[in-house]
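Chemist: Enclosed is the structure file my_file_14.cif (mmCIF, C-alpha atoms).
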data_upload
#
loop_
_atom_site.label_atom_id
_atom_site.label_comp_id
_atom_site.auth_asym_id
_atom_site.auth_seq_id
_atom_site.Cartn_x
_atom_site.Cartn_y
_atom_site.Cartn_z
CA MET A 194 0.00 0.00 0.00
CA ALA A 195 1.40 3.38 -0.95
CA ARG A 196 2.32 5.96 1.65
CA HIS A 197 -0.05 8.87 1.54
CA PRO A 198 1.34 12.38 1.99
CA LEU A 199 -0.10 14.55 4.72
CA LEU A 200 -1.64 16.85 2.13
CA GLY A 201 -3.78 14.00 0.81
CA TYR A 202 -5.21 13.33 4.28
CA LEU A 203 -5.85 17.06 4.75
CA VAL A 204 -7.81 17.25 1.50
CA TRP A 205 -9.98 14.32 2.57
CA VAL A 206 -10.51 15.86 6.01
CA VAL A 207 -11.63 19.13 4.41
CA LEU A 208 -13.98 17.33 2.00
CA PHE A 209 -15.61 15.21 4.70
CA GLY A 210 -15.69 18.20 7.05
CA ALA A 211 -17.61 20.14 4.40
CA ILE A 212 -20.12 17.30 4.06
CA PHE A 213 -20.65 17.10 7.83
CA ALA A 214 -20.93 20.88 8.08
CA TRP A 215 -23.56 20.90 5.32
CA GLU A 216 -25.56 18.16 7.05
CA GLY A 217 -25.23 19.94 10.39
CA LEU A 218 -26.61 23.15 8.93
CA ALA A 219 -29.48 21.25 7.30
CA LEU A 220 -30.34 19.43 10.54
CA ALA A 221 -30.23 22.75 12.39
CA ARG A 222 -33.03 23.84 10.03
CA VAL A 223 -31.07 26.58 8.31
CA THR A 224 -33.35 27.85 5.55
CA GLY A 225 -32.47 26.74 2.04
CA VAL A 226 -30.08 23.95 3.05
CA PRO A 227 -31.48 20.50 2.22
CA THR A 228 -30.30 17.43 4.12
CA LEU A 229 -28.27 14.78 2.34
CA SER A 230 -31.31 12.50 2.57
CA ASP A 231 -33.36 15.08 0.65
CA VAL A 232 -30.64 15.32 -1.98
CA PHE A 233 -30.37 11.55 -2.38
CA ARG A 234 -34.16 11.22 -2.50
CA VAL A 235 -34.27 13.61 -5.46
CA ILE A 236 -31.41 11.83 -7.23
CA MET A 237 -33.00 8.42 -6.69
CA ARG A 238 -36.23 9.40 -8.39
CA TYR A 239 -34.55 8.73 -11.72
CA PRO A 240 -33.06 5.43 -12.91
CA VAL A 241 -29.84 7.04 -14.11
CA GLY A 242 -29.41 8.69 -10.71
CA ARG A 243 -29.88 5.33 -8.99
CA TRP A 244 -27.34 3.73 -11.33
CA ALA A 245 -24.81 6.48 -10.65
CA LEU A 246 -25.23 6.24 -6.87
CA PHE A 247 -25.01 2.46 -6.94
CA ALA A 248 -21.91 2.61 -9.16
CA LEU A 249 -20.35 5.06 -6.69
CA TRP A 250 -21.17 2.78 -3.76
CA LEU A 251 -19.75 -0.22 -5.62
CA TRP A 252 -16.59 1.65 -6.54
CA ALA A 253 -16.05 2.74 -2.92
CA GLY A 254 -16.46 -0.83 -1.66
CA TRP A 255 -14.13 -2.20 -4.32
CA HIS A 256 -11.54 0.50 -3.72
CA PHE A 257 -11.47 0.25 0.07
CA PHE A 258 -12.11 -3.43 0.70
CA ILE A 259 -11.12 -5.44 -2.37
CA ARG A 260 -8.45 -3.76 -4.47
CA GLY A 261 -4.90 -4.58 -3.42
CA TRP A 262 -6.01 -6.69 -0.50
CA HIS A 263 -5.52 -10.39 0.06
CA PHE A 264 -7.66 -12.90 1.83
CA LEU A 265 -7.65 -12.22 5.59
CA LEU A 266 -5.05 -9.46 5.11
CA ARG A 267 -2.36 -11.96 4.04
CA ALA A 268 0.63 -9.96 2.74
CA MET B 178 6.14 -17.65 9.28
CA ALA B 179 3.60 -16.87 11.97
CA SER B 180 5.50 -13.81 13.11
CA ALA B 181 5.65 -12.55 9.51
CA GLU B 182 1.87 -12.87 9.27
CA VAL B 183 1.46 -11.04 12.58
CA LEU B 184 3.77 -8.30 11.33
CA ALA B 185 1.83 -8.06 8.06
CA LEU B 186 -1.41 -7.78 10.01
CA ALA B 187 0.06 -5.13 12.29
CA SER B 188 1.25 -3.16 9.28
CA ALA B 189 -2.16 -3.43 7.64
CA ASP B 190 -3.69 -2.31 10.94
CA ARG B 191 -1.66 0.85 10.97
CA GLN B 192 -2.01 1.69 7.29
CA ALA B 193 -5.60 0.83 6.53
CA LEU B 194 -7.71 -0.45 9.40
CA MET B 195 -7.20 2.41 11.82
CA PRO B 196 -8.12 5.23 9.37
CA MET B 197 -11.06 3.16 8.11
CA ALA B 198 -12.28 2.45 11.63
CA ALA B 199 -11.90 6.11 12.59
CA GLY B 200 -13.78 7.24 9.49
CA TYR B 201 -16.49 4.68 10.13
CA LEU B 202 -16.94 5.83 13.73
CA ILE B 203 -17.12 9.49 12.70
CA LEU B 204 -19.64 8.76 9.94
CA MET B 205 -21.83 6.59 12.18
CA SER B 206 -21.72 9.17 14.98
CA ALA B 207 -22.86 11.89 12.57
CA LEU B 208 -25.66 9.68 11.22
CA GLY B 209 -26.71 8.76 14.76
CA PHE B 210 -26.77 12.42 15.74
CA GLY B 211 -28.93 13.23 12.72
CA LEU B 212 -31.36 10.42 13.46
CA ARG B 213 -31.66 11.49 17.11
CA ARG B 214 -32.55 15.01 16.01
CA LEU B 215 -35.14 13.73 13.55
CA TYR B 216 -36.72 11.40 16.13
CA ARG B 217 -36.76 14.12 18.77
CA SER B 218 -38.57 16.52 16.44
CA ARG B 219 -41.27 13.88 15.96
CA GLY B 220 -41.54 12.99 19.62
CA ASP B 221 -45.34 13.10 19.69
CA LEU B 222 -45.74 10.68 16.78
CA SER B 223 -46.28 7.00 17.29
CA ARG B 224 -43.26 4.70 17.18
CA ALA B 225 -44.30 3.22 13.83
CA ASP B 226 -44.24 6.68 12.27
CA THR B 227 -40.77 7.63 13.42
CA TRP B 228 -38.96 6.21 10.38
CA PRO B 229 -37.82 9.38 8.63
CA ASP B 230 -38.10 7.95 5.12
CA ARG B 231 -41.55 6.50 5.65
CA ALA B 232 -42.88 9.65 7.26
CA ARG B 233 -41.46 11.89 4.55
CA ALA B 234 -41.67 9.55 1.58
CA THR B 235 -43.70 10.53 -1.44
CA PRO B 236 -46.66 8.20 -1.88
CA PRO B 237 -46.54 6.07 -5.04
CA GLY B 238 -48.01 7.74 -8.11
CA PRO B 239 -51.14 6.52 -9.90
CA GLY B 240 -49.30 4.37 -12.45
CA ARG B 241 -46.60 3.14 -10.10
CA ARG B 242 -46.45 -0.56 -9.31
CA VAL B 243 -46.11 -1.72 -5.70
CA GLY B 244 -45.33 -5.01 -3.99
CA TRP B 245 -42.47 -7.46 -3.80
CA ALA B 246 -42.29 -8.02 -7.58
CA ALA B 247 -41.93 -4.28 -8.18
CA LEU B 248 -39.28 -4.05 -5.46
CA ALA B 249 -37.32 -6.94 -7.00
CA ARG B 250 -37.58 -5.37 -10.45
CA ARG B 251 -36.41 -2.01 -9.16
CA VAL B 252 -33.49 -3.44 -7.19
CA THR B 253 -32.43 -5.66 -10.10
CA GLY B 254 -32.54 -2.71 -12.49
CA THR B 255 -30.49 -0.57 -10.12
CA VAL B 256 -27.89 -3.29 -9.52
CA VAL B 257 -27.47 -4.21 -13.19
CA GLY B 258 -27.49 -0.59 -14.35
CA GLY B 259 -25.03 0.53 -11.66
CA TYR B 260 -22.70 -2.40 -12.33
CA LEU B 261 -22.66 -1.80 -16.10
CA LEU B 262 -22.14 1.94 -15.59
CA LEU B 263 -19.18 1.34 -13.29
CA MET B 264 -17.67 -1.18 -15.71
CA ALA B 265 -18.03 1.31 -18.58
CA ILE B 266 -16.26 3.99 -16.52
CA VAL B 267 -13.50 1.60 -15.41
CA VAL B 268 -12.85 0.39 -18.97
CA ALA B 269 -12.86 3.96 -20.29
CA TYR B 270 -10.46 5.00 -17.52
CA TYR B 271 -8.14 2.06 -18.20
CA PHE B 272 -7.93 2.46 -21.98
CA GLY B 273 -8.37 6.22 -22.17
CA ILE B 274 -6.49 7.66 -19.19
CA ALA B 275 -4.13 5.31 -17.36
CA ARG B 276 -3.23 1.63 -17.75
CA VAL B 277 -2.67 1.21 -14.03
CA GLY B 278 -1.79 -2.48 -13.93
CA PRO B 279 -2.37 -5.87 -15.52
CA GLY B 280 -4.87 -7.05 -12.89
CA PHE B 281 -6.88 -3.84 -12.76
CA LEU B 282 -9.71 -4.79 -15.09
CA GLU B 283 -9.95 -8.33 -13.75
CA SER B 284 -10.07 -7.01 -10.19
CA ALA B 285 -12.75 -4.49 -11.14
CA VAL B 286 -14.98 -7.14 -12.72
CA THR B 287 -14.52 -9.89 -10.13
CA GLY B 288 -14.12 -7.66 -7.04
CA THR B 289 -17.30 -5.71 -7.59
CA ALA B 290 -19.12 -8.93 -8.49
CA LEU B 291 -17.96 -10.38 -5.16
CA LEU B 292 -19.27 -7.29 -3.35
CA LEU B 293 -22.60 -7.66 -5.13
CA GLY B 294 -22.78 -11.34 -4.23
CA LEU B 295 -22.22 -10.46 -0.57
CA ALA B 296 -24.38 -7.34 -0.35
CA ALA B 297 -27.45 -8.34 -2.39
CA PRO B 298 -28.55 -11.26 -0.16
CA VAL B 299 -27.93 -9.19 2.98
CA PHE B 300 -29.97 -6.31 1.53
CA ALA B 301 -32.82 -8.66 0.59
CA ALA B 302 -32.83 -10.33 4.01
CA LEU B 303 -32.71 -7.05 5.95
CA SER B 304 -35.42 -5.48 3.78
CA TRP B 305 -37.66 -8.46 4.40
CA LEU B 306 -36.95 -8.39 8.16
CA ALA B 307 -37.54 -4.63 8.40
CA GLU B 308 -40.83 -4.92 6.51
CA ARG B 309 -41.92 -7.83 8.69
CA ARG B 310 -41.07 -5.95 11.89
CA ALA B 311 -42.96 -2.86 10.74
CA ARG B 312 -45.94 -5.02 9.77
CA ASP B 313 -45.96 -6.87 13.09
CA ARG B 314 -45.75 -3.60 14.98
CA ALA B 315 -48.56 -2.03 12.99
CA GLU B 316 -50.97 -4.97 12.91
CA PRO B 317 -50.21 -7.53 15.62
CA GLY B 318 -51.93 -10.85 14.95
CA GLU B 319 -53.12 -10.08 11.43
CA PRO B 320 -51.82 -11.92 8.37
CA GLY B 321 -49.01 -10.27 6.42
CA GLN B 322 -49.34 -8.17 3.30
CA ALA B 323 -47.03 -7.14 0.52
CA PRO B 324 -45.11 -3.89 1.02
CA GLN B 325 -47.04 -0.75 0.14
CA ASP B 326 -44.21 0.80 -1.78
CA CYS B 327 -41.40 -0.68 -3.83
CA ARG B 328 -38.72 1.05 -1.75
CA GLY B 329 -36.49 -1.26 0.30
CA ARG B 330 -35.25 0.32 3.47
CA GLY B 331 -33.49 -2.59 5.08
CA VAL B 332 -30.01 -1.16 4.69
#
Here is a file; write its structure as structure tokens.
Modeler:
Amino acid sequence: MARHPLLGYLVWVVLFGAIFAWEGLALARVTGVPTLSDVFRVIMRYPVGRWALFALWLWAGWHFFIRGWHFLLRA
Amino acid sequence: MASAEVLALASADRQALMPMAAGYLILMSALGFGLRRLYRSRGDLSRADTWPDRARATPPGPGRRVGWAALARRVTGTVVGGYLLLMAIVVAYYFGIARVGPGFLESAVTGTALLLGLAAPVFAALSWLAERRARDRAEPGEPGQAPQDCRGRGV
């Protein structure tokens, strides 16, 4: 597994922090800020949106749990 | 041999498991916090109505099919469509942008298929269990019915 530079972790922290901040504002009932559930509900009304979300979910699972790994973490 | 495996596991722990576990805990804490807020705002509703998606879901339209067959059709369409879309993107990435390695395409096809094989039965089982629990809670003692909407909410 490659060594990740600190900058890479910082970028991910900022991205996830932005998502959590958005959801926090939405849950605090700030006007005009929809929750992530509302956003996903709109996307999932359409078949192409469902395909895209499912493809994203599948890619994340493959990337984090399958790719480059061996059975029971055998090196 | 055994010590090498232990060392490999320890290395994997440091490099992958700890960040993943930390991210998982943060994500689940945030989701739990959001659910608590939603439940608290609906404190006067009955327990059966406290599912956020059910309470806020749009009722099925006039031409929309409901029931287990419609749910199966919808899930199958989503799984097949999502899988084919991801494969198209992966193949386009591999041949158009970067040939990252010899096992990349094979891993993409078989790895995601393995994930599907693991997740689909779990999703089906949890959807069925969640529907059965909601039905039992709503109508204790009465015979079961098909789901009212073709949206699975097991996972």
Chemist: As lines of an AutoDock Vina configuration file, what would the box around stretch 199-203 of chain B look like: edges along x, y and z, 4 Å added on every side, centre and edge lengths in Å to one decimal?
Modeler:
center_x = -14.5
center_y = 7.1
center_z = 11.6
size_x = 13.2
size_y = 12.8
size_z = 12.2
Chemist: Give me, as a list in words, the residues of chain A touching chain B, with the criterion being at most 6 Å (counting all atoms listed in the file).
Modeler: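 Taking all atoms listed in the file into account, Trp244, Phe247, Ala248, Trp255, Ile259 and Ala268 of chain A sit within 6 Å of chain B.
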Chemist: Check the smallest atom-to-atom distance from each of A:Phe209, A:Gly201, A:Val232, A:Glu216 to B:Tyr201 using only C-alpha atoms, then report the winner.
Modeler: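 Of A:Phe209, A:Gly201, A:Val232, A:Glu216, the one nearest B:Tyr201 is A:Phe209, counting only C-alpha atoms.
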Chemist: What is the atom CA of A:Leu251 to atom CA of B:Ala265 distance in Å?
Modeler: 13.2 Å
Chemist: Go ahead and compute the interatomic distance for atom CA of A:Phe258 and atom CA of B:Glu283, in Å to one decimal.
Modeler: 15.4 Å
Chemist: What is the distance, in Å and to one decimal place, between atom CA of B:Trp245 and atom CA of B:Asp313?
Modeler: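 Between atom CA of B:Trp245 and atom CA of B:Asp313 the gap works out to 17.3 Å.
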Chemist: Have a look at B:Leu303, B:Leu295, B:Met205, B:Ala198 and name the one nearest to A:Gly254; count all atoms listed in the file.
Modeler: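 Of the candidates, the smallest distance to A:Gly254 is held by B:Leu295.
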